[in-house]
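Novice: start_8.tsv (TSV, C-alpha atoms and all ligand atoms) pasted underneath:
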```tsv
chain	number	residue	atom	x	y	z
I	271	MET	CA	0.00	0.00	0.00
I	272	LEU	CA	1.30	3.45	-0.89
I	273	PRO	CA	1.49	6.08	1.88
I	274	ALA	CA	-1.07	8.87	2.37
I	275	PHE	CA	-0.37	12.19	0.68
I	276	GLN	CA	1.24	14.68	3.05
I	277	SER	CA	-0.30	17.71	1.32
I	278	PRO	CA	-2.44	18.74	-1.66
I	279	ALA	CA	0.78	19.86	-3.37
I	280	GLN	CA	2.25	16.39	-3.03
I	281	ARG	CA	-0.89	14.87	-4.58
I	282	GLU	CA	-0.64	17.35	-7.44
I	283	ASP	CA	3.01	16.43	-8.06
I	284	PHE	CA	2.17	12.74	-7.99
I	285	VAL	CA	-0.62	13.14	-10.53
I	286	ALA	CA	1.46	15.44	-12.76
I	287	GLY	CA	4.26	12.93	-13.27
I	288	LEU	CA	2.20	9.74	-13.49
I	289	PRO	CA	2.35	7.99	-16.92
I	290	LYS	CA	-1.11	7.94	-18.50
I	291	ALA	CA	-3.13	6.49	-21.38
I	292	GLU	CA	-6.14	8.33	-22.77
I	293	LEU	CA	-8.93	6.13	-24.14
I	294	HIS	CA	-11.78	8.62	-24.62
I	295	LEU	CA	-10.85	11.71	-26.55
I	296	HIS	CA	-12.73	13.24	-29.48
I	297	ILE	CA	-10.03	14.94	-31.50
I	298	GLU	CA	-12.50	17.60	-32.68
I	299	GLY	CA	-13.21	18.30	-29.00
I	300	SER	CA	-9.59	19.35	-28.48
I	301	LEU	CA	-10.01	22.37	-30.78
I	302	GLU	CA	-8.90	25.28	-28.60
I	303	PRO	CA	-10.50	28.69	-29.28
I	304	GLU	CA	-7.10	30.14	-30.27
I	305	LEU	CA	-6.68	27.50	-32.99
I	306	MET	CA	-10.34	27.94	-34.02
I	307	PHE	CA	-9.63	31.61	-34.69
I	308	ALA	CA	-6.35	30.89	-36.52
I	309	LEU	CA	-8.01	28.31	-38.79
I	310	ALA	CA	-11.03	30.54	-39.42
I	311	GLN	CA	-8.64	33.22	-40.61
I	312	ARG	CA	-6.49	30.83	-42.67
I	313	ASN	CA	-9.60	29.44	-44.42
I	314	ALA	CA	-11.54	32.73	-44.60
I	315	ILE	CA	-14.45	31.29	-42.62
I	316	ASP	CA	-16.82	33.45	-40.60
I	317	ILE	CA	-17.38	32.33	-37.02
I	318	PRO	CA	-20.04	33.87	-34.80
I	319	PHE	CA	-17.53	35.04	-32.15
I	320	ALA	CA	-15.49	38.24	-31.86
I	321	SER	CA	-12.83	36.95	-29.47
I	322	VAL	CA	-11.39	33.92	-27.74
I	323	GLU	CA	-13.06	35.12	-24.54
I	324	GLU	CA	-16.43	35.18	-26.29
I	325	VAL	CA	-15.93	31.60	-27.45
I	326	ARG	CA	-15.08	30.45	-23.93
I	327	ALA	CA	-18.11	32.31	-22.55
I	328	ALA	CA	-20.34	30.31	-24.93
I	329	TYR	CA	-19.14	27.07	-23.33
I	330	ALA	CA	-21.86	26.89	-20.67
I	331	PHE	CA	-23.92	23.76	-21.20
I	332	SER	CA	-27.02	22.32	-19.53
I	333	ASN	CA	-26.85	18.93	-21.24
I	334	LEU	CA	-25.19	16.90	-23.99
I	335	GLN	CA	-27.23	18.41	-26.83
I	336	ASP	CA	-26.31	21.97	-25.80
I	337	PHE	CA	-22.68	21.02	-26.15
I	338	LEU	CA	-23.08	19.06	-29.39
I	339	ASP	CA	-24.67	22.06	-31.13
I	340	ILE	CA	-21.56	24.15	-30.42
I	341	TYR	CA	-19.16	21.25	-31.05
I	342	TYR	CA	-20.45	20.67	-34.60
I	343	GLN	CA	-20.37	24.39	-35.28
I	344	GLY	CA	-16.75	24.59	-34.05
I	345	MET	CA	-15.68	21.94	-36.57
I	346	SER	CA	-16.59	24.24	-39.46
I	347	VAL	CA	-13.08	25.79	-39.42
I	348	LEU	CA	-11.47	22.41	-40.24
I	349	ARG	CA	-11.12	22.19	-44.00
I	350	THR	CA	-7.71	21.00	-45.18
I	351	GLU	CA	-5.43	18.07	-44.47
I	352	GLN	CA	-3.10	20.54	-42.74
I	353	ASP	CA	-5.94	21.73	-40.47
I	354	PHE	CA	-6.54	18.17	-39.23
I	355	HIS	CA	-2.81	17.71	-38.75
I	356	ASP	CA	-2.50	20.94	-36.76
I	357	LEU	CA	-5.51	20.09	-34.60
I	358	THR	CA	-4.20	16.62	-33.80
I	359	MET	CA	-0.60	17.74	-33.25
I	360	ALA	CA	-1.78	20.46	-30.84
I	361	TYR	CA	-3.53	17.75	-28.81
I	362	PHE	CA	-0.41	15.58	-28.63
I	363	GLN	CA	1.84	18.50	-27.70
I	364	ARG	CA	-0.56	19.47	-24.94
I	365	VAL	CA	-0.93	15.99	-23.43
I	366	HIS	CA	2.79	15.31	-23.68
I	367	ARG	CA	3.02	17.77	-20.75
I	368	ASP	CA	0.48	15.60	-18.88
I	369	GLN	CA	2.64	12.49	-19.31
I	370	VAL	CA	0.21	10.83	-21.71
I	371	ARG	CA	2.14	7.95	-23.33
I	372	HIS	CA	-0.65	6.38	-25.36
I	373	ALA	CA	-3.96	7.65	-26.80
I	374	GLU	CA	-6.87	5.94	-28.58
I	375	ILE	CA	-8.51	8.81	-30.39
I	376	PHE	CA	-12.06	9.20	-31.72
I	377	PHE	CA	-12.85	11.13	-34.84
I	378	ASP	CA	-16.24	11.99	-36.32
I	379	PRO	CA	-15.95	11.64	-40.12
I	380	GLN	CA	-19.64	12.42	-40.68
I	381	GLY	CA	-19.13	15.80	-38.98
I	382	HIS	CA	-16.82	16.61	-41.88
I	383	THR	CA	-18.23	14.78	-44.89
I	384	GLU	CA	-21.69	16.31	-44.37
I	385	ARG	CA	-20.14	19.79	-44.83
I	386	GLY	CA	-18.16	18.84	-47.92
I	387	VAL	CA	-14.78	17.91	-46.42
I	388	SER	CA	-13.74	14.50	-47.68
I	389	PHE	CA	-13.14	11.49	-45.46
I	390	ASP	CA	-9.63	11.23	-46.94
I	391	THR	CA	-8.75	14.84	-46.06
I	392	ALA	CA	-9.83	14.40	-42.46
I	393	ILE	CA	-8.18	11.06	-41.86
I	394	SER	CA	-4.92	11.71	-43.67
I	395	GLY	CA	-4.14	14.88	-41.68
I	396	THR	CA	-5.05	13.13	-38.43
I	397	LEU	CA	-2.89	10.08	-39.21
I	398	ARG	CA	0.08	12.21	-40.26
I	399	ALA	CA	0.00	13.94	-36.86
I	400	MET	CA	-0.30	10.55	-35.12
I	401	ASP	CA	2.85	9.41	-36.94
I	402	ASP	CA	4.63	12.66	-35.97
I	403	ALA	CA	3.56	12.26	-32.34
I	404	LYS	CA	5.13	8.80	-32.28
I	405	SER	CA	8.43	9.90	-33.81
I	406	ASP	CA	8.74	13.36	-32.18
I	407	LEU	CA	7.10	12.84	-28.78
I	408	GLY	CA	7.16	9.08	-28.26
I	409	ILE	CA	3.36	8.92	-27.87
I	410	SER	CA	1.71	5.89	-29.46
I	411	SER	CA	-1.86	6.16	-30.67
I	412	HIS	CA	-4.73	4.50	-32.50
I	413	LEU	CA	-7.73	5.88	-34.33
I	414	ILE	CA	-11.35	4.93	-33.66
I	415	MET	CA	-13.95	6.10	-36.16
I	416	CYS	CA	-17.27	7.07	-34.58
I	417	PHE	CA	-20.70	6.91	-36.17
I	418	LEU	CA	-23.02	9.79	-35.28
I	419	ARG	CA	-26.02	8.13	-33.69
I	420	HIS	CA	-28.46	10.95	-34.55
I	421	LEU	CA	-27.95	9.97	-38.21
I	422	SER	CA	-29.24	6.77	-39.80
I	423	GLU	CA	-27.63	3.34	-39.87
I	424	GLU	CA	-27.56	3.70	-43.67
I	425	ASP	CA	-25.35	6.77	-43.25
I	426	ALA	CA	-23.08	4.80	-40.92
I	427	PHE	CA	-22.79	2.06	-43.59
I	428	ALA	CA	-21.78	4.71	-46.16
I	429	THR	CA	-19.10	5.94	-43.76
I	430	LEU	CA	-17.78	2.43	-43.23
I	431	GLU	CA	-17.54	2.14	-47.00
I	432	GLN	CA	-15.52	5.37	-47.22
I	433	ALA	CA	-13.20	3.97	-44.57
I	434	GLU	CA	-12.45	0.84	-46.60
I	435	PRO	CA	-9.10	2.07	-48.07
I	436	TRP	CA	-7.95	3.12	-44.60
I	437	LEU	CA	-8.92	0.07	-42.58
I	438	ASP	CA	-5.34	-0.91	-41.83
I	439	ARG	CA	-5.01	2.42	-39.97
I	440	ILE	CA	-8.36	2.33	-38.16
I	441	LEU	CA	-8.48	0.27	-35.00
I	442	GLY	CA	-12.17	0.33	-34.34
I	443	VAL	CA	-15.58	1.91	-34.58
I	444	GLY	CA	-17.45	3.86	-31.94
I	445	LEU	CA	-20.87	5.44	-31.44
I	446	ASP	CA	-21.31	9.01	-30.24
I	447	SER	CA	-23.51	12.15	-30.46
I	448	SER	CA	-27.06	12.52	-29.05
I	449	GLU	CA	-27.72	9.46	-26.93
I	450	LEU	CA	-31.35	9.80	-25.82
I	451	GLY	CA	-33.72	8.46	-28.46
I	452	HIS	CA	-30.89	6.77	-30.39
I	453	PRO	CA	-30.31	3.41	-28.69
I	454	PRO	CA	-27.37	1.21	-29.62
I	455	SER	CA	-29.67	-1.34	-31.29
I	456	LYS	CA	-30.25	1.18	-34.10
I	457	PHE	CA	-26.71	0.32	-35.27
I	458	VAL	CA	-26.65	-3.45	-34.78
I	459	ASN	CA	-26.05	-4.28	-38.45
I	460	VAL	CA	-23.25	-1.82	-39.11
I	461	PHE	CA	-21.42	-2.87	-35.95
I	462	ALA	CA	-21.71	-6.53	-37.03
I	463	ARG	CA	-20.19	-5.59	-40.39
I	464	ALA	CA	-17.38	-3.65	-38.68
I	465	ARG	CA	-16.65	-6.59	-36.40
I	466	ASP	CA	-16.49	-8.91	-39.44
I	467	LYS	CA	-13.84	-6.59	-40.84
I	468	GLY	CA	-11.75	-7.12	-37.71
I	469	LEU	CA	-12.50	-3.73	-36.15
I	470	LYS	CA	-12.84	-3.25	-32.40
I	471	CYS	CA	-16.23	-2.02	-31.22
I	472	VAL	CA	-16.86	0.63	-28.59
I	473	ALA	CA	-19.90	2.79	-27.86
I	474	HIS	CA	-20.98	5.71	-25.72
I	475	ALA	CA	-23.73	4.41	-23.45
I	476	GLY	CA	-25.11	5.37	-20.08
I	477	GLU	CA	-23.87	8.95	-20.30
I	478	GLU	CA	-27.42	10.35	-20.41
I	479	GLY	CA	-29.13	7.16	-21.54
I	480	PRO	CA	-30.54	4.47	-19.22
I	481	PRO	CA	-28.87	1.21	-18.13
I	482	ALA	CA	-30.90	-0.55	-20.86
I	483	TYR	CA	-28.73	1.24	-23.46
I	484	VAL	CA	-25.61	-0.17	-21.80
I	485	ARG	CA	-27.13	-3.67	-22.00
I	486	GLU	CA	-27.88	-3.11	-25.69
I	487	ALA	CA	-24.32	-1.96	-26.31
I	488	LEU	CA	-23.10	-5.20	-24.73
I	489	ASP	CA	-25.62	-7.58	-26.28
I	490	SER	CA	-26.38	-6.02	-29.68
I	491	LEU	CA	-23.16	-4.21	-30.52
I	492	LYS	CA	-20.89	-6.66	-28.64
I	493	ILE	CA	-18.66	-3.84	-27.50
I	494	ASP	CA	-15.07	-4.36	-26.42
I	495	ARG	CA	-15.13	-1.21	-24.26
I	496	LEU	CA	-17.81	1.03	-22.78
I	497	ASP	CA	-17.58	4.82	-23.13
I	498	HIS	CA	-18.93	6.61	-20.03
I	499	GLY	CA	-21.26	3.96	-18.57
I	500	ASN	CA	-22.17	6.13	-15.56
I	501	ARG	CA	-25.82	5.14	-15.43
I	502	SER	CA	-24.91	1.43	-15.25
I	503	LEU	CA	-24.70	2.02	-11.51
I	504	GLU	CA	-28.52	2.23	-11.38
I	505	ASP	CA	-28.67	-1.50	-12.18
I	506	GLY	CA	-26.92	-3.80	-9.70
I	507	GLU	CA	-27.08	-6.86	-11.97
I	508	LEU	CA	-25.50	-4.88	-14.79
I	509	VAL	CA	-22.68	-3.69	-12.53
I	510	LYS	CA	-22.01	-7.30	-11.54
I	511	ARG	CA	-21.89	-8.33	-15.17
I	512	LEU	CA	-19.55	-5.49	-16.19
I	513	ALA	CA	-17.22	-6.37	-13.31
I	514	GLU	CA	-17.27	-10.10	-14.14
I	515	GLU	CA	-16.59	-9.45	-17.81
I	516	GLY	CA	-13.71	-7.12	-16.93
I	517	MET	CA	-15.25	-4.43	-19.12
I	518	THR	CA	-13.30	-1.17	-19.25
I	519	LEU	CA	-15.32	2.01	-18.72
I	520	THR	CA	-13.85	5.20	-20.18
I	521	VAL	CA	-15.12	7.70	-17.62
I	522	CYS	CA	-14.85	11.45	-18.18
I	523	PRO	CA	-15.33	13.37	-14.91
I	524	LEU	CA	-14.95	16.99	-16.09
I	525	SER	CA	-17.17	16.23	-19.08
I	526	ASN	CA	-19.82	14.84	-16.72
I	527	LEU	CA	-19.62	18.01	-14.66
I	528	ALA	CA	-19.76	20.34	-17.68
I	529	LEU	CA	-22.76	18.49	-19.18
I	530	CYS	CA	-24.61	18.30	-15.85
I	531	VAL	CA	-24.46	14.49	-15.73
I	532	VAL	CA	-23.33	15.21	-12.15
I	533	ASP	CA	-24.04	18.45	-10.25
I	534	ASP	CA	-20.82	18.39	-8.28
I	535	LEU	CA	-17.60	16.42	-8.70
I	536	ARG	CA	-17.97	15.26	-5.09
I	537	GLN	CA	-21.00	13.29	-6.29
I	538	HIS	CA	-19.12	11.72	-9.18
I	539	PRO	CA	-19.60	7.90	-9.26
I	540	LEU	CA	-15.96	7.10	-10.08
I	541	LYS	CA	-15.05	5.90	-6.60
I	542	LYS	CA	-18.23	3.81	-6.41
I	543	MET	CA	-17.22	2.24	-9.72
I	544	LEU	CA	-13.81	1.26	-8.35
I	545	ASP	CA	-15.38	-0.03	-5.14
I	546	ALA	CA	-17.77	-2.18	-7.21
I	547	GLY	CA	-14.80	-3.78	-8.99
I	548	LEU	CA	-15.33	-1.99	-12.30
I	549	ARG	CA	-12.31	-1.27	-14.48
I	550	ALA	CA	-12.80	2.48	-14.65
I	551	THR	CA	-10.42	4.87	-16.38
I	552	ILE	CA	-10.13	8.67	-16.40
I	553	ASN	CA	-10.30	10.59	-19.68
I	554	SER	CA	-10.94	14.10	-20.94
I	555	ASP	CA	-13.60	13.55	-23.69
I	556	ASP	CA	-13.58	17.06	-25.23
I	557	PRO	CA	-10.94	18.91	-23.22
I	558	SER	CA	-11.16	22.26	-24.95
I	559	TYR	CA	-14.88	22.47	-24.24
I	560	PHE	CA	-14.88	20.98	-20.74
I	561	GLY	CA	-11.98	22.86	-19.18
I	562	GLY	CA	-9.37	20.21	-18.60
I	563	TYR	CA	-6.96	17.71	-20.12
I	564	MET	CA	-5.80	14.50	-18.42
I	565	ASN	CA	-3.99	15.95	-15.43
I	566	ASP	CA	-6.89	18.25	-14.60
I	567	ASN	CA	-9.32	15.34	-14.80
I	568	PHE	CA	-7.15	13.17	-12.55
I	569	LEU	CA	-6.38	15.92	-10.08
I	570	ARG	CA	-9.80	17.49	-9.68
I	571	THR	CA	-11.42	14.06	-9.32
I	572	ALA	CA	-8.79	12.95	-6.81
I	573	GLU	CA	-9.39	16.11	-4.76
I	574	ALA	CA	-13.19	15.90	-4.92
I	575	LEU	CA	-13.36	12.19	-4.03
I	576	ASP	CA	-10.29	12.19	-1.78
I	577	LEU	CA	-8.72	9.36	-3.78
I	578	THR	CA	-5.71	7.58	-2.30
I	579	ALA	CA	-2.43	7.16	-4.17
I	580	ASP	CA	-3.34	3.50	-4.69
I	581	GLU	CA	-6.68	4.45	-6.25
I	582	ILE	CA	-4.97	6.97	-8.52
I	583	VAL	CA	-2.45	4.31	-9.55
I	584	THR	CA	-5.28	1.84	-10.24
I	585	LEU	CA	-6.99	4.40	-12.50
I	586	ALA	CA	-3.79	5.07	-14.43
I	587	LYS	CA	-3.07	1.34	-14.76
I	588	ASN	CA	-6.63	0.70	-15.96
I	589	GLY	CA	-5.94	3.15	-18.80
I	590	PHE	CA	-3.17	0.90	-20.09
I	591	SER	CA	-4.78	-2.46	-19.33
I	592	GLY	CA	-8.03	-1.23	-20.93
I	593	SER	CA	-6.19	-0.12	-24.07
I	594	PHE	CA	-6.18	-2.17	-27.25
I	595	GLU	CA	-2.38	-2.51	-27.10
I	596	ASP	CA	-0.81	-5.97	-26.77
I	597	ALA	CA	0.11	-7.68	-23.50
I	598	GLU	CA	3.80	-6.82	-23.80
I	599	PHE	CA	3.06	-3.09	-24.11
I	600	GLN	CA	0.63	-3.25	-21.20
I	601	THR	CA	3.04	-5.10	-18.94
I	602	ARG	CA	5.78	-2.57	-19.64
I	603	ALA	CA	3.43	0.35	-18.94
I	604	LEU	CA	2.18	-1.13	-15.66
I	605	GLY	CA	5.79	-1.70	-14.61
I	606	ALA	CA	6.62	1.94	-15.41
I	607	ILE	CA	3.74	3.11	-13.21
I	608	ASP	CA	4.87	0.90	-10.28
I	609	GLN	CA	8.40	2.20	-10.68
I	610	TYR	CA	7.19	5.82	-10.80
I	611	ALA	CA	5.13	5.37	-7.60
I	612	ALA	CA	7.97	3.59	-5.78
I	613	GLU	CA	10.44	6.34	-6.68
I	614	PHE	CA	7.97	9.10	-5.84
I	615	PHE	CA	7.32	7.77	-2.35
I	616	LYS	CA	10.81	6.22	-2.00
I	617	VAL	CA	9.23	2.92	-0.94
I	701	LIG	N1	-19.42	13.29	-24.52
I	701	LIG	C1	-19.93	13.02	-25.73
I	701	LIG	N2	-21.02	12.26	-25.81
I	701	LIG	C2	-21.55	11.98	-26.99
I	701	LIG	N3	-21.05	12.40	-28.15
I	701	LIG	C3	-19.96	13.16	-28.12
I	701	LIG	N4	-19.25	13.72	-29.12
I	701	LIG	C4	-18.24	14.39	-28.56
I	701	LIG	N5	-18.29	14.28	-27.23
I	701	LIG	C5	-19.35	13.51	-26.93
I	702	ZN	ZN	-17.23	11.13	-25.68
```
Please lay out the structure from this file as C-alpha cells.
Specialist:
Amino acid sequence: MLPAFQSPAQREDFVAGLPKAELHLHIEGSLEPELMFALAQRNAIDIPFASVEEVRAAYAFSNLQDFLDIYYQGMSVLRTEQDFHDLTMAYFQRVHRDQVRHAEIFFDPQGHTERGVSFDTAISGTLRAMDDAKSDLGISSHLIMCFLRHLSEEDAFATLEQAEPWLDRILGVGLDSSELGHPPSKFVNVFARARDKGLKCVAHAGEEGPPAYVREALDSLKIDRLDHGNRSLEDGELVKRLAEEGMTLTVCPLSNLALCVVDDLRQHPLKKMLDAGLRATINSDDPSYFGGYMNDNFLRTAEALDLTADEIVTLAKNGFSGSFEDAEFQTRALGAIDQYAAEFFKV
C-alpha cells in the first residue's frame, strides 16, 4: 500500500508525473478557441464570435445536446489536411506535458463529410500527426472512427464504405452524439459488419441514456469497451456483469460536470465504480470544451473524491490495461507506473 499524501501539493506532483493512457478523446473536441480563430482566418471562414473570450463564454452547457450544437459548429473551421494535422498535433503536444504515453482517439468523419470535407482529407491529416507524435514525442496512438447516432444506420454504412481504403489504420468503430432516443440497437447491423472486418467495437452508453442502453451496447453491438457507462450504476445486476466481464469504462469526470451528468464532482460515481470492482479509467472527452486535459481530470477528481495514491495508480493502470495494445506493451506500462510510484514515495 502506498502512503497517504502529506499535502495537496504532493498529490498534485504525484498526478502530474504519473504515466497515462487516454482512451476517450474526441479529437474535434480538443479544438482550442485560439486555434479555431487561426483556422477561421487561414480558411476565410466566418465564425459567430469576436474573441477567444467570447468563445469560452459560450461554453456553458445544460446537457449533452447543448454542447453538441456548439461542437459541430466549431468543426466548421477544419477544412484541409493541414488543419486536421494541426488540430491533432496540438492535442499531442498538450498531453505530452500531462505524461500521456498512449492515446486511442475518436474522430467523427460524418461531422466533416456532411459539410463537404472529404473522409480522406480528415483522416490523412489526423494520421500524419499521429505518426509525428510517435516519432517526435514518443506517444503511441490509435484511431477509432465514430458513427453519429443521430444519423441513420444507412449513413453509418456509407461511412464504413468510405473507410475501406484506410482500414489498416483504423483500430475500431465507436458510437457518439445525441444518446437519448438513439439506442445502440439502431446500429446493430453496421457494428456486425465492422466486427467482421476485424474492427474493435466501442460505444458511448449510459452517459445520459438508461442502463438498458448499456445492456444493448453489450448484447447487440458486442462492444469491447464502454464509453462513459455512468448510469450502469442504477442497475446492480448490470454492474455485476460489467465487473465479471472485466469491461473497461472510459469515464470522463470533467465532461460529466460540464454536461450536468453530475451536479458536483464530489458526487461523481468514479469511486463507487472502483469499489464495485469496475475497471474504470479517467479521460478528458472534449478537453477544450470541458476545461481540462488529463492531469486536470485526474487531479480534480482525486481532490473531490479524496482518492488515495493506490486508487490513482489503479486508475492510471486501468488506462493501459483497458487499451487495445498488446500484452507486452501493457506489462511494460504497468511496470513503469509501479516504478514511478515507488520512486515518488521512495518505498
Ligand atoms: N461526450 C460526448 N457524448 C456523446 N457524443 C460526443 N461527441 C463528442 N463528445 C461527446
Ligand atoms: Zn465522448
Novice: Fewer than 4 positions away in the same chain doesn't count, so skip those; otherwise give me all residues within 9 Å of region 422-425 of chain I, counting only C-alpha atoms, as an NGL selection string.
Specialist: :I and (380 or 417-418 or 429-430 or 456-460)
Novice: Would you pick out the contacts of Val531 (chain I) at 9 Å or less, using all atoms listed in the file, so that residues sharing its chain but fewer than 6 positions from it are not included, and give the list as a ChimeraX atom specification?
Specialist: /I:333-334,477-478,500,525,538
Novice: Give me, as a list in words, all polymer residues having an atom no more than 9 Å from Val583 (chain I), counting all atoms listed in the file and skipping those fewer than 5 positions away in the same chain.
Specialist: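 Near Val583 (chain I), the qualifying residues are Leu288, Thr578, Asn588, Ile607, Asp608 and Ala611 of chain I.
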Novice: For ligand ZN 702 (chain I), which residue among I:Gly476, I:Pro273, I:Gly451, I:Gly516 is the nearest when counting only C-alpha atoms and all ligand atoms?
Specialist: I:Gly476
Novice: What's the 7 Å shell around Glu292 (chain I), counting only C-alpha atoms, without same-chain residues fewer than 6 positions away, as a PyMOL selection string?
Specialist: chain I and resi 370+372-374+553+589
Novice: When you look at Gly479 (chain I) with a cut-off of 10 Å (counting only C-alpha atoms), what residues show up, excluding the ones that are within fewer than 5 positions of it in the same chain? I need them as a list in words.
Specialist: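 Counting only C-alpha atoms, the residues come to Ser448, Glu449, Leu450, Gly451, His452, Pro453, His474, Val484, Gly499, Asn500, Arg501 and Ser502 of chain I.
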Novice: Write to file, as a PDB file, in the coordinates of the input, the residues of the selection just made, with C-alpha atoms.
Specialist:
```
ATOM      1  CA  SER I 448     -27.060  12.520 -29.050  1.00  0.00           C
ATOM      2  CA  GLU I 449     -27.720   9.460 -26.930  1.00  0.00           C
ATOM      3  CA  LEU I 450     -31.350   9.800 -25.820  1.00  0.00           C
ATOM      4  CA  GLY I 451     -33.720   8.460 -28.460  1.00  0.00           C
ATOM      5  CA  HIS I 452     -30.890   6.770 -30.390  1.00  0.00           C
ATOM      6  CA  PRO I 453     -30.310   3.410 -28.690  1.00  0.00           C
ATOM      7  CA  HIS I 474     -20.980   5.710 -25.720  1.00  0.00           C
ATOM      8  CA  VAL I 484     -25.610  -0.170 -21.800  1.00  0.00           C
ATOM      9  CA  GLY I 499     -21.260   3.960 -18.570  1.00  0.00           C
ATOM     10  CA  ASN I 500     -22.170   6.130 -15.560  1.00  0.00           C
ATOM     11  CA  ARG I 501     -25.820   5.140 -15.430  1.00  0.00           C
ATOM     12  CA  SER I 502     -24.910   1.430 -15.250  1.00  0.00           C
TER      13      SER I 502
END
```
Novice: Up to 12 Å from (-10.6, -1.7, -7.7) in the file's coordinates: name the residues, counting all atoms listed in the file, as a list in words.
Specialist: Ala513, Gly516, Thr518, Leu540, Lys541, Lys542, Met543, Leu544, Asp545, Ala546, Gly547, Leu548, Arg549, Ala550, Thr551, Leu577, Thr578, Asp580, Glu581, Ile582, Val583, Thr584, Leu585, Ala586, Lys587 and Asn588 of chain I
Novice: Report the distance between CA of His355 (chain I) and CA of Ser321 (chain I) in Å, rounded to one decimal place.
Specialist: 23.6 Å
Novice: One number please: CA of Ala399 (chain I) to CA of Ser411 (chain I), in Å, one decimal.
Specialist: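 Here the two named atoms are 10.1 Å from each other.
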Novice: Please build the interface table for chain I against ligand LIG 701 (chain I) with a cut-off of 9 Å, listing for each qualifying residue the nearest atom pair and the distance in Å to one decimal; count all atoms listed in the file, order rows by chain and increasing number, and write it as CSV.
Specialist:
```
residue,atom,partner,partner_atom,distance
I:His294,CA,I:LIG701,N1,9.0
I:Leu295,CA,I:LIG701,N5,7.9
I:His296,CA,I:LIG701,C4,5.7
I:Ile297,CA,I:LIG701,C4,8.7
I:Glu298,CA,I:LIG701,C4,7.8
I:Gly299,CA,I:LIG701,C4,6.4
I:Leu334,CA,I:LIG701,N2,6.5
I:Gln335,CA,I:LIG701,C2,8.6
I:Phe337,CA,I:LIG701,N5,8.1
I:Leu338,CA,I:LIG701,N4,6.6
I:Tyr341,CA,I:LIG701,C4,7.4
I:Tyr342,CA,I:LIG701,N4,8.9
I:Phe376,CA,I:LIG701,C4,8.7
I:Phe377,CA,I:LIG701,C4,8.9
I:Asp378,CA,I:LIG701,N4,8.0
I:Cys416,CA,I:LIG701,N4,8.8
I:Leu418,CA,I:LIG701,N3,7.8
I:Arg419,CA,I:LIG701,N3,8.6
I:Leu445,CA,I:LIG701,N3,7.7
I:Asp446,CA,I:LIG701,N3,4.0
I:Ser447,CA,I:LIG701,N3,3.4
I:Ser448,CA,I:LIG701,C2,5.9
I:Glu449,CA,I:LIG701,C2,6.7
I:His474,CA,I:LIG701,C2,6.4
I:Ala475,CA,I:LIG701,N2,8.6
I:Glu477,CA,I:LIG701,N2,7.0
I:Glu478,CA,I:LIG701,N2,8.6
I:Asp497,CA,I:LIG701,N2,8.6
I:His498,CA,I:LIG701,N1,8.1
I:Cys522,CA,I:LIG701,N1,8.0
I:Ser525,CA,I:LIG701,N1,6.6
I:Asn526,CA,I:LIG701,N1,8.0
I:Leu529,CA,I:LIG701,N1,8.2
I:Asp555,CA,I:LIG701,N1,5.9
I:Asp556,CA,I:LIG701,N5,5.8
```
Novice: Give the answer as one residue: which of I:Leu519, I:Val285, I:Leu512, I:Leu469 has the shortest atom-to-atom distance to ligand ZN 702 (chain I), using all atoms listed in the file?
Specialist: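 So, comparing all the options, the nearest one is I:Leu519.
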Novice: For CA of Ala360 (chain I) and CA of Gln343 (chain I), determine how far apart the two atoms are, in Å to one decimal place.
Specialist: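 Straight-line distance from CA of Ala360 (chain I) to CA of Gln343 (chain I) works out to 19.5 Å.
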Novice: Taking all atoms listed in the file into account, name the residue in I:Pro539, I:Pro303, I:Gly442, I:Pro278 that is nearest to Asp494 (chain I).
Specialist: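 Of the candidates, the smallest distance to Asp494 (chain I) is held by I:Gly442.
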Novice: Output, as lines of an AutoDock Vina configuration file, the centre and edge lengths in Å (one decimal) of the axis-aligned box that contains all listed atoms of region 519-525 of chain I with 6 Å of margin on each side.
Specialist:
```
center_x = -15.5
center_y = 9.5
center_z = -17.5
size_x = 15.3
size_y = 27.0
size_z = 17.3
```
Novice: Which of these residues is nearest to Ser300 (chain I), using only C-alpha atoms: I:Cys530, I:Ala279, I:Ile315, I:Ile375?
Specialist: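 For Ser300 (chain I), the nearest of the candidates is I:Ile375.
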Novice: Can you work out which one of I:Ser558, I:Thr571, I:Gln600, I:Thr520 has the shortest atom-to-atom distance to ligand ZN 702 (chain I), counting all atoms listed in the file?
Specialist: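 Closest to ligand ZN 702 (chain I) of all the choices is I:Thr520.
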Novice: Which of these, I:Ala482, I:Val521, I:Leu357, I:Ala428, has the shortest distance to ligand ZN 702 (chain I) once you count only C-alpha atoms and all ligand atoms?
Specialist: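 Nearest to ligand ZN 702 (chain I): I:Val521.
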Novice: Is there a way to get, as a list in words, all residues within 10 Å of the point (-1.8, 5.0, -38.6) in file coordinates, counting only C-alpha atoms?
Specialist: Ile393, Ser394, Thr396, Leu397, Arg398, Ala399, Met400, Asp401, Ser410, Ser411, His412, Leu413, Trp436, Leu437, Asp438, Arg439, Ile440 and Leu441 of chain I
